[in-house]
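Engineer: Sharing query06.cif, mmCIF, C-alpha atoms:
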data_coords
#
loop_
_atom_site.label_atom_id
_atom_site.label_comp_id
_atom_site.auth_asym_id
_atom_site.auth_seq_id
_atom_site.Cartn_x
_atom_site.Cartn_y
_atom_site.Cartn_z
CA MET T 25 127.27 -58.52 -107.55
CA ASN T 26 124.14 -56.71 -108.71
CA THR T 27 124.54 -56.70 -112.48
CA GLY T 28 121.78 -54.19 -113.32
CA ALA T 29 122.63 -50.77 -114.67
CA PHE T 30 121.77 -47.65 -112.68
CA LYS T 31 118.24 -46.50 -113.49
CA ASN T 32 119.32 -42.87 -113.35
CA LYS T 33 122.77 -41.96 -114.57
CA VAL T 34 125.39 -41.49 -111.88
CA TRP T 35 127.34 -38.42 -112.92
CA LEU T 36 130.90 -37.29 -112.38
CA ALA T 37 129.75 -33.92 -110.98
CA THR T 38 126.66 -31.82 -111.63
CA PRO T 39 125.19 -28.60 -110.22
CA THR T 40 123.39 -28.88 -106.90
CA MET T 41 120.71 -26.21 -106.65
CA HIS T 42 118.84 -25.12 -103.55
CA GLY T 43 116.17 -22.59 -104.55
CA ASP T 44 117.77 -19.42 -103.22
CA GLU T 45 119.35 -18.98 -106.64
CA LEU T 46 115.92 -18.33 -108.20
CA ARG T 47 115.20 -15.54 -105.74
CA TYR T 48 118.22 -13.55 -106.88
CA VAL T 49 117.62 -14.31 -110.55
CA GLN T 50 114.04 -13.10 -110.07
CA GLN T 51 115.40 -9.98 -108.41
CA ALA T 52 117.50 -9.26 -111.51
CA TYR T 53 114.41 -9.78 -113.65
CA ASP T 54 112.11 -7.69 -111.49
CA THR T 55 114.54 -4.77 -111.27
CA ASN T 56 115.37 -5.11 -114.99
CA TRP T 57 119.11 -5.36 -114.31
CA MET T 58 119.68 -8.12 -116.85
CA SER T 59 123.05 -6.97 -118.21
CA THR T 60 126.54 -6.75 -116.73
CA VAL T 61 125.77 -4.41 -113.83
CA GLY T 62 123.61 -4.88 -110.78
CA GLU T 63 123.39 -5.80 -107.12
CA ASN T 64 124.04 -9.49 -107.72
CA ILE T 65 127.42 -8.81 -109.33
CA ASN T 66 128.36 -6.41 -106.54
CA GLU T 67 127.46 -9.01 -103.92
CA VAL T 68 129.26 -11.86 -105.69
CA GLU T 69 132.41 -9.75 -105.86
CA ARG T 70 132.15 -8.88 -102.18
CA ILE T 71 131.50 -12.47 -101.10
CA ALA T 72 134.14 -13.96 -103.40
CA ALA T 73 136.84 -11.65 -102.07
CA GLU T 74 135.78 -12.24 -98.47
CA GLN T 75 135.61 -16.02 -98.88
CA ALA T 76 139.07 -16.18 -100.47
CA GLU T 77 140.53 -13.69 -97.96
CA MET T 78 141.49 -11.28 -100.74
CA LYS T 79 140.69 -7.58 -100.94
CA TYR T 80 139.08 -7.43 -104.37
CA ALA T 81 137.22 -9.68 -106.82
CA VAL T 82 136.12 -8.90 -110.36
CA GLY T 83 133.15 -10.89 -111.68
CA LEU T 84 133.78 -12.23 -115.17
CA SER T 85 132.10 -14.44 -117.75
CA CYS T 86 134.29 -17.45 -116.93
CA CYS T 87 137.46 -18.48 -115.14
CA THR T 88 139.36 -18.52 -118.45
CA ALA T 89 138.55 -14.82 -118.84
CA ALA T 90 139.98 -14.23 -115.36
CA LEU T 91 143.15 -16.11 -116.27
CA HIS T 92 143.47 -14.23 -119.56
CA LEU T 93 143.18 -10.82 -117.94
CA ALA T 94 145.59 -11.89 -115.21
CA VAL T 95 148.11 -12.99 -117.84
CA ARG T 96 147.69 -9.77 -119.80
CA HIS T 97 148.05 -7.56 -116.73
CA ALA T 98 151.09 -9.51 -115.54
CA GLY T 99 152.70 -9.23 -118.98
CA GLU T 100 152.15 -5.50 -119.21
CA THR T 101 153.39 -5.04 -115.64
CA LEU T 102 156.53 -7.07 -116.25
CA TYR T 103 157.39 -6.07 -119.79
CA GLY T 104 155.50 -2.85 -120.45
CA LYS T 105 153.93 -4.22 -123.61
CA SER T 106 150.53 -3.20 -124.90
CA ALA T 107 148.13 -5.79 -126.29
CA VAL T 108 146.96 -3.39 -129.03
CA SER T 109 149.41 -4.64 -131.65
CA HIS T 110 150.93 -7.72 -130.05
CA GLY T 111 150.61 -9.94 -127.04
CA ALA T 112 151.72 -8.70 -123.65
CA LEU T 113 154.05 -11.74 -123.30
CA GLU T 114 155.32 -11.87 -126.88
CA GLY T 115 158.24 -14.32 -127.01
CA LYS T 116 158.54 -14.65 -123.22
CA ARG T 117 158.78 -18.02 -121.46
CA VAL T 118 156.22 -18.71 -118.73
CA PHE T 119 156.41 -21.63 -116.29
CA CYS T 120 153.07 -23.48 -116.26
CA SER T 121 151.47 -26.47 -114.55
CA ASP T 122 151.76 -29.56 -116.73
CA MET T 123 148.97 -31.82 -115.45
CA THR T 124 145.92 -29.57 -115.72
CA PHE T 125 143.13 -28.51 -118.07
CA ASP T 126 144.47 -26.50 -121.00
CA ALA T 127 142.46 -23.43 -119.94
CA THR T 128 145.15 -22.91 -117.28
CA LEU T 129 147.76 -22.01 -119.86
CA ASN T 130 145.96 -21.16 -123.11
CA PRO T 131 145.80 -17.49 -122.02
CA VAL T 132 149.61 -17.48 -122.00
CA VAL T 133 149.46 -18.36 -125.69
CA TYR T 134 146.72 -15.76 -126.32
CA GLU T 135 149.26 -13.16 -125.20
CA GLY T 136 152.15 -14.54 -127.24
CA GLY T 137 153.92 -16.29 -124.37
CA ILE T 138 155.79 -19.59 -124.57
CA PRO T 139 154.68 -22.16 -121.97
CA VAL T 140 157.40 -24.21 -120.30
CA PHE T 141 155.78 -27.09 -118.46
CA ILE T 142 156.73 -27.99 -114.89
CA ASP T 143 156.18 -31.62 -113.97
CA THR T 144 153.86 -32.85 -111.26
CA GLU T 145 154.83 -33.77 -107.72
CA ALA T 146 153.86 -37.40 -107.02
CA ALA T 147 153.06 -36.57 -103.38
CA SER T 148 150.44 -33.93 -104.25
CA TRP T 149 149.52 -34.27 -107.97
CA ASN T 150 150.26 -30.54 -108.30
CA MET T 151 153.20 -28.50 -109.61
CA ASP T 152 156.50 -29.84 -108.26
CA PRO T 153 158.33 -27.08 -106.34
CA VAL T 154 161.68 -28.87 -106.87
CA ALA T 155 161.19 -28.89 -110.63
CA LEU T 156 160.09 -25.24 -110.51
CA GLU T 157 163.25 -24.25 -108.65
CA LYS T 158 165.34 -26.11 -111.21
CA ALA T 159 163.46 -24.37 -114.03
CA PHE T 160 164.42 -20.99 -112.58
CA GLU T 161 168.06 -22.12 -112.50
CA MET T 162 167.78 -22.99 -116.19
CA TYR T 163 165.88 -19.83 -117.15
CA PRO T 164 166.50 -17.11 -114.52
CA ASP T 165 164.94 -14.45 -116.75
CA VAL T 166 161.44 -15.98 -116.45
CA LYS T 167 159.17 -13.70 -114.43
CA LEU T 168 155.75 -15.39 -114.53
CA VAL T 169 154.40 -18.70 -113.16
CA VAL T 170 150.90 -20.07 -113.74
CA SER T 171 150.08 -22.85 -111.27
CA ALA T 172 146.83 -24.82 -110.89
CA GLU T 173 145.37 -26.71 -107.93
CA LEU T 174 144.07 -30.08 -109.08
CA TYR T 175 140.64 -31.57 -108.24
CA GLY T 176 140.32 -29.49 -105.08
CA PHE T 177 143.35 -31.15 -103.42
CA PRO T 178 145.95 -28.38 -103.07
CA GLY T 179 149.66 -29.04 -103.12
CA ARG T 180 152.45 -26.69 -102.10
CA MET T 181 151.21 -23.38 -103.48
CA ASP T 182 152.76 -21.77 -100.40
CA LEU T 183 156.22 -23.02 -101.43
CA ILE T 184 155.60 -22.09 -105.05
CA LYS T 185 154.76 -18.54 -103.93
CA LYS T 186 158.02 -18.35 -101.94
CA ILE T 187 160.02 -19.61 -104.94
CA CYS T 188 158.39 -16.97 -107.13
CA GLU T 189 159.22 -14.24 -104.62
CA LYS T 190 162.82 -15.46 -104.43
CA HIS T 191 163.20 -15.11 -108.19
CA GLY T 192 161.20 -11.89 -108.57
CA ALA T 193 158.42 -13.61 -110.50
CA LEU T 194 154.68 -13.03 -110.39
CA LEU T 195 152.34 -15.92 -109.59
CA ILE T 196 148.96 -16.58 -111.19
CA GLU T 197 147.04 -19.09 -109.06
CA ASP T 198 144.45 -21.11 -110.96
CA ALA T 199 142.12 -22.01 -108.09
CA ALA T 200 139.24 -22.99 -110.41
CA GLU T 201 138.92 -26.41 -108.79
CA ALA T 202 139.97 -25.49 -105.25
CA MET T 203 137.47 -22.94 -103.94
CA GLY T 204 137.16 -23.36 -100.18
CA ALA T 205 140.28 -25.52 -99.82
CA THR T 206 143.09 -24.33 -97.52
CA ILE T 207 146.85 -24.62 -97.09
CA HIS T 208 147.96 -24.19 -93.45
CA GLY T 209 144.64 -22.48 -92.81
CA ARG T 210 145.03 -20.03 -95.69
CA LYS T 211 142.44 -20.11 -98.46
CA CYS T 212 143.29 -21.31 -101.94
CA GLY T 213 142.95 -18.31 -104.21
CA SER T 214 144.88 -16.09 -101.78
CA PHE T 215 148.43 -17.10 -102.75
CA GLY T 216 148.67 -15.61 -106.23
CA ASP T 217 149.51 -12.06 -107.19
CA TYR T 218 146.48 -12.79 -109.34
CA SER T 219 144.09 -15.68 -108.71
CA ALA T 220 141.15 -17.12 -110.65
CA ILE T 221 138.11 -19.06 -109.46
CA SER T 222 135.38 -20.80 -111.45
CA TYR T 223 131.59 -21.10 -111.25
CA ASN T 224 131.37 -23.52 -114.18
CA GLY T 225 128.48 -25.98 -114.20
CA ASN T 226 130.29 -28.84 -112.47
CA LYS T 227 132.30 -26.86 -109.89
CA ILE T 228 131.83 -26.96 -106.12
CA ILE T 229 129.37 -24.06 -106.45
CA THR T 230 128.07 -22.87 -109.81
CA GLY T 231 126.42 -20.13 -111.78
CA SER T 232 126.25 -22.38 -114.85
CA ALA T 233 129.13 -20.17 -115.99
CA GLY T 234 131.19 -17.34 -114.59
CA GLY T 235 134.37 -16.74 -112.65
CA CYS T 236 136.24 -14.13 -110.66
CA LEU T 237 139.70 -12.64 -110.74
CA LEU T 238 141.03 -12.08 -107.21
CA THR T 239 143.67 -9.53 -106.25
CA ASN T 240 144.86 -7.45 -103.31
CA ASP T 241 145.65 -4.50 -105.62
CA LEU T 242 142.85 -2.00 -106.29
CA ALA T 243 144.59 -0.73 -109.43
CA VAL T 244 144.63 -4.28 -110.83
CA ALA T 245 140.94 -4.76 -110.04
CA ASN T 246 140.02 -1.48 -111.69
CA LYS T 247 142.08 -2.20 -114.80
CA VAL T 248 140.66 -5.70 -115.17
CA ARG T 249 137.11 -4.43 -114.71
CA LYS T 250 137.74 -1.83 -117.42
CA TRP T 251 139.22 -4.36 -119.85
CA SER T 252 136.30 -6.72 -119.24
CA THR T 253 133.80 -4.11 -120.51
CA GLN T 254 135.54 -3.37 -123.83
CA ALA T 255 138.02 -0.96 -122.21
CA ARG T 256 135.69 2.02 -122.46
CA GLU T 257 137.21 5.30 -121.31
CA ASN T 258 135.48 7.75 -119.00
CA ALA T 259 133.92 9.87 -121.73
CA PRO T 260 130.34 10.73 -122.76
CA TRP T 261 130.79 8.70 -125.97
CA TYR T 262 132.38 5.34 -126.71
CA GLN T 263 136.05 6.22 -126.36
CA HIS T 264 138.66 3.45 -126.70
CA GLU T 265 142.40 3.75 -126.16
CA GLU T 266 143.31 0.08 -125.62
CA VAL T 267 142.00 -3.36 -126.51
CA GLY T 268 139.12 -4.62 -124.38
CA TYR T 269 136.96 -7.72 -124.11
CA ASN T 270 133.34 -8.66 -123.52
CA TYR T 271 134.24 -10.58 -120.36
CA ARG T 272 132.00 -9.10 -117.66
CA MET T 273 129.73 -11.35 -115.60
CA SER T 274 125.99 -11.13 -116.21
CA ASN T 275 123.84 -9.95 -113.31
CA VAL T 276 121.59 -12.96 -113.98
CA ILE T 277 124.46 -15.45 -113.72
CA ALA T 278 125.63 -13.58 -110.63
CA GLY T 279 122.23 -14.19 -109.08
CA ILE T 280 122.75 -17.94 -109.33
CA VAL T 281 126.25 -17.68 -107.88
CA ARG T 282 125.01 -15.43 -105.07
CA GLY T 283 122.40 -18.03 -104.13
CA GLN T 284 125.01 -20.81 -104.18
CA TYR T 285 127.65 -19.27 -101.91
CA PRO T 286 125.83 -20.01 -98.61
CA TYR T 287 126.03 -23.72 -99.49
CA LEU T 288 129.78 -23.92 -100.18
CA GLN T 289 130.67 -25.59 -96.88
CA GLU T 290 127.72 -27.99 -97.18
CA HIS T 291 128.90 -29.05 -100.64
CA ILE T 292 132.45 -29.51 -99.36
CA ALA T 293 131.19 -31.73 -96.53
CA GLN T 294 129.22 -33.84 -99.01
CA LYS T 295 132.23 -34.20 -101.31
CA LYS T 296 134.43 -35.15 -98.36
CA ALA T 297 131.99 -37.88 -97.35
CA ILE T 298 132.12 -39.28 -100.89
CA TYR T 299 135.94 -39.31 -100.83
CA GLU T 300 136.03 -41.05 -97.45
CA ARG T 301 133.53 -43.72 -98.54
CA TYR T 302 135.71 -44.46 -101.57
CA ARG T 303 138.82 -44.63 -99.44
CA GLU T 304 137.14 -47.06 -97.04
CA GLY T 305 135.64 -49.12 -99.88
CA PHE T 306 139.02 -49.48 -101.62
CA LYS T 307 141.23 -49.90 -98.56
CA ASP T 308 142.19 -53.48 -99.45
CA LEU T 309 142.64 -52.80 -103.18
CA PRO T 310 145.99 -51.91 -104.79
CA VAL T 311 144.95 -48.31 -105.44
CA GLN T 312 145.67 -44.87 -104.01
CA MET T 313 143.17 -42.02 -103.72
CA ASN T 314 143.98 -38.34 -104.33
CA PRO T 315 146.84 -37.52 -101.95
CA ILE T 316 146.13 -35.05 -99.14
CA THR T 317 149.22 -32.90 -98.59
CA ASP T 318 150.22 -32.26 -94.98
CA GLY T 319 148.75 -29.01 -93.70
CA THR T 320 146.05 -28.82 -96.35
CA GLU T 321 142.29 -29.23 -96.19
CA PRO T 322 140.88 -30.10 -99.63
CA ASN T 323 137.42 -29.24 -100.92
CA TYR T 324 137.27 -32.83 -102.28
CA TRP T 325 135.69 -31.64 -105.56
CA LEU T 326 136.55 -34.79 -107.53
CA SER T 327 137.57 -38.11 -106.00
CA ALA T 328 140.24 -39.80 -108.11
CA MET T 329 142.49 -42.83 -107.80
CA ILE T 330 145.56 -44.40 -109.34
CA ILE T 331 146.22 -48.14 -109.65
CA ASP T 332 149.44 -49.59 -108.27
CA LYS T 333 151.86 -50.29 -111.13
CA GLU T 334 152.12 -54.04 -110.54
CA TYR T 335 148.32 -54.34 -110.76
CA MET T 336 148.01 -52.55 -114.09
CA CYS T 337 146.97 -54.69 -117.05
CA LYS T 338 148.43 -53.80 -120.45
CA GLN T 339 146.95 -50.54 -121.74
CA VAL T 340 147.90 -48.33 -124.67
CA ARG T 341 146.48 -44.97 -125.76
CA ASP T 342 146.92 -42.84 -128.84
CA ASP T 343 145.50 -39.35 -129.26
CA SER T 344 141.88 -40.50 -129.41
CA GLU T 345 141.55 -44.18 -128.50
CA ALA T 346 142.62 -46.64 -125.84
CA LEU T 347 143.08 -50.40 -125.87
CA TYR T 348 143.78 -52.85 -123.07
CA ILE T 349 144.24 -56.57 -122.54
CA PRO T 350 142.12 -57.95 -119.66
CA GLU T 351 144.14 -59.83 -117.07
CA LYS T 352 142.94 -61.64 -113.96
CA GLY T 353 143.70 -59.72 -110.77
CA LYS T 354 144.67 -56.62 -112.71
CA THR T 355 142.90 -53.72 -114.36
CA CYS T 356 143.51 -50.28 -115.87
CA PRO T 357 141.68 -46.94 -116.12
CA THR T 358 140.28 -47.79 -119.55
CA GLU T 359 138.68 -51.01 -118.29
CA ILE T 360 137.23 -49.33 -115.19
CA LEU T 361 135.83 -46.37 -117.13
CA GLU T 362 134.28 -48.62 -119.77
CA THR T 363 132.78 -50.84 -117.09
CA LEU T 364 131.33 -47.86 -115.22
CA ALA T 365 129.87 -46.54 -118.47
CA SER T 366 128.22 -49.92 -119.14
CA TYR T 367 126.37 -49.49 -115.82
CA ASN T 368 125.32 -45.91 -116.69
CA ALA T 369 127.91 -44.22 -114.46
CA GLU T 370 130.29 -41.46 -115.53
CA GLY T 371 134.01 -41.38 -114.78
CA ARG T 372 136.82 -39.54 -116.51
CA PRO T 373 140.54 -40.01 -117.16
CA ILE T 374 142.97 -37.89 -115.14
CA TRP T 375 143.97 -34.69 -116.96
CA LYS T 376 146.33 -35.57 -119.79
CA PRO T 377 149.54 -33.59 -119.16
CA MET T 378 150.11 -30.62 -121.42
CA HIS T 379 153.52 -31.79 -122.65
CA MET T 380 151.75 -34.88 -124.07
CA GLN T 381 149.15 -32.83 -125.96
CA PRO T 382 149.59 -32.52 -129.76
CA LEU T 383 149.36 -28.74 -129.41
CA TYR T 384 152.24 -28.50 -126.95
CA ARG T 385 154.50 -31.51 -127.55
CA ALA T 386 157.29 -29.34 -128.94
CA HIS T 387 157.40 -27.20 -125.79
CA GLU T 388 159.99 -27.62 -123.07
CA PHE T 389 159.16 -29.72 -120.04
CA VAL T 390 161.07 -29.77 -116.74
CA THR T 391 160.94 -32.93 -114.64
CA CYS T 392 162.92 -34.31 -111.72
CA GLU T 393 164.01 -37.59 -110.24
CA GLY T 394 163.40 -38.35 -106.61
CA SER T 395 167.00 -37.25 -106.03
CA GLY T 396 166.11 -33.78 -107.26
CA ARG T 397 168.18 -34.11 -110.45
CA CYS T 398 166.23 -32.48 -113.22
CA ARG T 399 166.22 -32.15 -116.96
CA THR T 400 164.37 -30.17 -119.59
CA ASN T 401 163.10 -32.14 -122.55
CA ALA T 402 159.80 -33.27 -123.97
CA TYR T 403 161.14 -36.82 -123.93
CA ILE T 404 162.12 -38.72 -120.81
CA ALA T 405 165.15 -40.96 -120.81
CA GLY T 406 168.00 -42.13 -118.63
CA GLY T 407 165.95 -42.94 -115.55
CA TYR T 408 164.02 -39.68 -115.26
CA VAL T 409 160.44 -40.07 -114.12
CA ASP T 410 157.62 -38.30 -115.96
CA VAL T 411 155.28 -38.07 -112.98
CA GLY T 412 152.33 -36.49 -114.79
CA ALA T 413 152.40 -39.07 -117.57
CA ASP T 414 152.53 -41.86 -114.99
CA ILE T 415 149.51 -40.50 -113.07
CA PHE T 416 147.61 -40.06 -116.34
CA ASP T 417 148.44 -43.64 -117.34
CA ARG T 418 147.27 -45.19 -114.05
CA GLY T 419 144.60 -42.75 -112.86
CA LEU T 420 140.93 -41.95 -113.25
CA CYS T 421 138.28 -39.68 -111.72
CA LEU T 422 135.39 -41.46 -110.04
CA PRO T 423 131.73 -40.44 -109.95
CA SER T 424 131.73 -37.61 -107.39
CA ASP T 425 128.33 -36.01 -107.69
CA ASN T 426 127.14 -34.84 -104.28
CA LYS T 427 123.60 -36.00 -105.08
CA MET T 428 124.81 -39.59 -105.50
CA THR T 429 123.21 -41.74 -102.82
CA VAL T 430 125.17 -43.98 -100.46
CA GLU T 431 123.58 -46.98 -102.20
CA GLU T 432 124.67 -45.71 -105.62
CA GLN T 433 128.19 -45.09 -104.42
CA SER T 434 128.34 -48.55 -102.84
CA LYS T 435 127.46 -50.00 -106.22
CA VAL T 436 130.16 -47.89 -107.92
CA ILE T 437 132.66 -49.28 -105.41
CA GLU T 438 131.44 -52.79 -106.20
CA ILE T 439 131.85 -52.19 -109.92
CA VAL T 440 135.43 -50.93 -109.49
CA ARG T 441 136.30 -53.87 -107.25
CA SER T 442 134.93 -56.30 -109.85
CA CYS T 443 137.48 -55.04 -112.39
CA PHE T 444 140.27 -56.58 -110.26
CA ASN T 445 138.67 -60.06 -110.28
#
So, in terms of structure tokens, how does the structure I just supplied come out?

Structural biologist:
Amino acid sequence: MNTGAFKNKVWLATPTMHGDELRYVQQAYDTNWMSTVGENINEVERIAAEQAEMKYAVGLSCCTAALHLAVRHAGETLYGKSAVSHGALEGKRVFCSDMTFDATLNPVVYEGGIPVFIDTEAASWNMDPVALEKAFEMYPDVKLVVSAELYGFPGRMDLIKKICEKHGALLIEDAAEAMGATIHGRKCGSFGDYSAISYNGNKIITGSAGGCLLTNDLAVANKVRKWSTQARENAPWYQHEEVGYNYRMSNVIAGIVRGQYPYLQEHIAQKKAIYERYREGFKDLPVQMNPITDGTEPNYWLSAMIIDKEYMCKQVRDDSEALYIPEKGKTCPTEILETLASYNAEGRPIWKPMHMQPLYRAHEFVTCEGSGRCRTNAYIAGGYVDVGADIFDRGLCLPSDNKMTVEEQSKVIEIVRSCFN
């Protein structure tokens, strides 16, 4: 094995720029539309809605802003509460993805809601529809679900939508990582009553920041757009009758996003090639790559893997550190990530499930056995499987930058293979 470190760092995922972005940024500069209005924003909203097969998009400062305004609108729709004096979900339970980034559900807390975490389906690494159905049996009064699509590999958002409709609940689809992916030919971002997409710096396309809320309801789009500009009323002075936010997308940021959109399919193809090279390079190792659910086409944003249980060396983690005992023929995520880092390559642990986070450990968590028997508890016992915790324990994200060369990726594969020696 070549023991030299990479001369240039091999990243997890970074922006890939093409030059068109500068043209639209320059246009914003030349026309002096440098604030939160302008042609770039209008075009991003048009393209985002068209690409996701939704009627309307609202350009916002980030995906978290989109999720927050979706949560607020859903809360006010469901419960008639105003956010002026209290949260729109004050004291209401909301079913949320468990294995995700905390931005998926923090907006629920912003609005006074109580997250109840739904475990992960082993076959898709996304929200388990069986556990969700059981959660509705336990709490039939819940009327809101927030579900994320992980690493660009969608699960059964179509089934989750049907379950929500069955129980009269609204669905917020966090498609931050899944732009361009499909389920039975239907675009991710089109399943939710409200959906959110991200243009963060490491996403499949980027504006360095930014996001959009997607909806098929013009009234929702108009309300969200109003809230995002400090909820100004239609008056000749600054008139305010409800709480607003400084959440609108900048026309400059929109210029970058506008220049990126034509390259979405190219980026997806590059990410897919990376995933397939990993799968081929690891085919004789005791590991599994991100699962591809039947009927779905991922965008392959981040390639990830989990190690077969019998090939895991001893590993323990607390809230900030990890230790492991090296063992011949076995490895663990901590060893692989440390080894990659020693060669100047970046990996990352799988998302730590929310019910394991110090902030949310006291919250309820619904998980199921393979038989479909379920329980609600933050602690697993009596043979119940905590799927998200298991994937977190055995999984890691691999370098997935679409500027990584074939030679660099081959060396990454070699490094990972060496950890099993």

Engineer: What's around segment 428-430 of chain T at 12 Å? Count all atoms listed in the file, leave out sequence neighbours fewer than 2 positions away in its own chain, and write the answer as number ranges by chain.

Structural biologist: T: 30, 32-40, 294-295, 297-302, 305, 369-370, 422-426, 432-437

Engineer: Counting all atoms listed in the file, figure out which residue out of T:Glu157, T:Glu114, T:Asp198, T:Asp217 gets nearest to Cys236 of chain T.

Structural biologist: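 Under the stated criterion, the closest residue is T:Asp198.
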
Engineer: Between T:Pro164, T:Gly371, T:Gly419, T:Gly353, which is the closest to Asn445 of chain T once you count only C-alpha atoms?

Structural biologist: T:Gly353

Engineer: Could you tell me which of T:Pro131, T:Gly192, T:Gly216, T:Pro139 comes closest to Ala76 of chain T if we count all atoms listed in the file?

Structural biologist: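 That would be T:Gly216, the residue with the smallest distance to Ala76 of chain T.
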
Engineer: Rounded to one decimal in Å, what is the spacing between atom CA of Asn323 of chain T and atom CA of Val276 of chain T?

Structural biologist: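 Result for atom CA of Asn323 of chain T versus atom CA of Val276 of chain T: 26.2 Å, one decimal.
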
Engineer: To verify the selection step, state as a list in words which residues the PyMOL selection byres ((chain T and resi 233) around 9) yields on this input.

Structural biologist: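 In the shown coordinates, the PyMOL selection byres ((chain T and resi 233) around 9) covers Ser85, Cys86, Cys87, Ser222, Tyr223, Asn224, Gly225, Thr230, Gly231, Ser232, Gly234, Gly235, Met273, Ile277 and Val281 of chain T.
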
Engineer: Which residue is closest to Ile221 of chain T? Choose from T:Gln263, T:Ser442, T:Ser148, T:Gln75 and count only C-alpha atoms.

Structural biologist: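 Selected residue with least distance to Ile221 of chain T: T:Gln75.
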
Engineer: Counting all atoms listed in the file, note down every residue that has an atom within 12 Å of the point (163.4, -19.1, -116.1) (file coordinates), as an MDAnalysis selection string.

Structural biologist: chainID T and resid 116:120 138:142 155:169 187:188 191:193 388 390 400

Engineer: Name the residues in contact with segment 210-213 of chain T at a cut-off of 10 Å, using all atoms listed in the file, excluding same-chain residues fewer than 3 positions from it; report them as a VMD selection string.

Structural biologist: chain T and resid 72 to 73 75 to 78 173 176 to 178 181 to 182 196 to 207 216 to 221 237 to 239 319 to 323

Engineer: So which one's closest to Asp143 of chain T, T:Tyr53, T:Tyr48, T:Phe389, T:Tyr324? Using all atoms listed in the file, please.

Structural biologist: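 Closest to Asp143 of chain T of all the choices is T:Phe389.
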
Engineer: Have a look at T:Ala328, T:Ala278, T:Leu242, T:Leu113 and name the one nearest to Gly62 of chain T; count all atoms listed in the file.

Structural biologist: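 Using all atoms listed in the file, the shortest distance to Gly62 of chain T belongs to T:Ala278.
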
Engineer: Reconstruct N, CA and C atoms of segment 367-381 of chain T; output as a PDB file, in the coordinates of the input.

Structural biologist:
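The result, written out as selection32.pdb:
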ATOM      1  N   TYR T 367     127.384 -49.505-116.885  1.00  0.00           N
ATOM      2  CA  TYR T 367     126.370 -49.490-115.820  1.00  0.00           C
ATOM      3  C   TYR T 367     125.663 -48.137-115.713  1.00  0.00           C
ATOM      4  N   ASN T 368     125.948 -47.233-116.661  1.00  0.00           N
ATOM      5  CA  ASN T 368     125.320 -45.910-116.690  1.00  0.00           C
ATOM      6  C   ASN T 368     125.892 -44.994-115.607  1.00  0.00           C
ATOM      7  N   ALA T 369     127.205 -45.092-115.401  1.00  0.00           N
ATOM      8  CA  ALA T 369     127.910 -44.220-114.460  1.00  0.00           C
ATOM      9  C   ALA T 369     129.060 -43.527-115.190  1.00  0.00           C
ATOM     10  N   GLU T 370     129.294 -42.276-114.832  1.00  0.00           N
ATOM     11  CA  GLU T 370     130.290 -41.460-115.530  1.00  0.00           C
ATOM     12  C   GLU T 370     131.569 -41.329-114.712  1.00  0.00           C
ATOM     13  N   GLY T 371     132.688 -41.693-115.308  1.00  0.00           N
ATOM     14  CA  GLY T 371     134.010 -41.380-114.780  1.00  0.00           C
ATOM     15  C   GLY T 371     134.756 -40.576-115.822  1.00  0.00           C
ATOM     16  N   ARG T 372     136.034 -40.318-115.555  1.00  0.00           N
ATOM     17  CA  ARG T 372     136.820 -39.540-116.510  1.00  0.00           C
ATOM     18  C   ARG T 372     138.301 -39.840-116.296  1.00  0.00           C
ATOM     19  N   PRO T 373     139.092 -39.873-117.361  1.00  0.00           N
ATOM     20  CA  PRO T 373     140.540 -40.010-117.160  1.00  0.00           C
ATOM     21  C   PRO T 373     141.090 -38.810-116.376  1.00  0.00           C
ATOM     22  N   ILE T 374     142.217 -39.006-115.729  1.00  0.00           N
ATOM     23  CA  ILE T 374     142.970 -37.890-115.140  1.00  0.00           C
ATOM     24  C   ILE T 374     143.354 -36.931-116.272  1.00  0.00           C
ATOM     25  N   TRP T 375     143.529 -35.644-115.941  1.00  0.00           N
ATOM     26  CA  TRP T 375     143.970 -34.690-116.960  1.00  0.00           C
ATOM     27  C   TRP T 375     145.207 -35.213-117.691  1.00  0.00           C
ATOM     28  N   LYS T 376     145.160 -35.210-118.996  1.00  0.00           N
ATOM     29  CA  LYS T 376     146.330 -35.570-119.790  1.00  0.00           C
ATOM     30  C   LYS T 376     147.325 -34.421-119.735  1.00  0.00           C
ATOM     31  N   PRO T 377     148.567 -34.687-119.312  1.00  0.00           N
ATOM     32  CA  PRO T 377     149.540 -33.590-119.160  1.00  0.00           C
ATOM     33  C   PRO T 377     149.713 -32.794-120.447  1.00  0.00           C
ATOM     34  N   MET T 378     150.001 -31.523-120.274  1.00  0.00           N
ATOM     35  CA  MET T 378     150.110 -30.620-121.420  1.00  0.00           C
ATOM     36  C   MET T 378     151.271 -30.985-122.341  1.00  0.00           C
ATOM     37  N   HIS T 379     152.382 -31.486-121.772  1.00  0.00           N
ATOM     38  CA  HIS T 379     153.520 -31.790-122.650  1.00  0.00           C
ATOM     39  C   HIS T 379     153.249 -33.016-123.526  1.00  0.00           C
ATOM     40  N   MET T 380     152.155 -33.745-123.243  1.00  0.00           N
ATOM     41  CA  MET T 380     151.750 -34.880-124.070  1.00  0.00           C
ATOM     42  C   MET T 380     150.713 -34.489-125.122  1.00  0.00           C
ATOM     43  N   GLN T 381     150.198 -33.268-125.047  1.00  0.00           N
ATOM     44  CA  GLN T 381     149.150 -32.830-125.960  1.00  0.00           C
ATOM     45  C   GLN T 381     149.744 -32.488-127.328  1.00  0.00           C
TER      46      GLN T 381
END
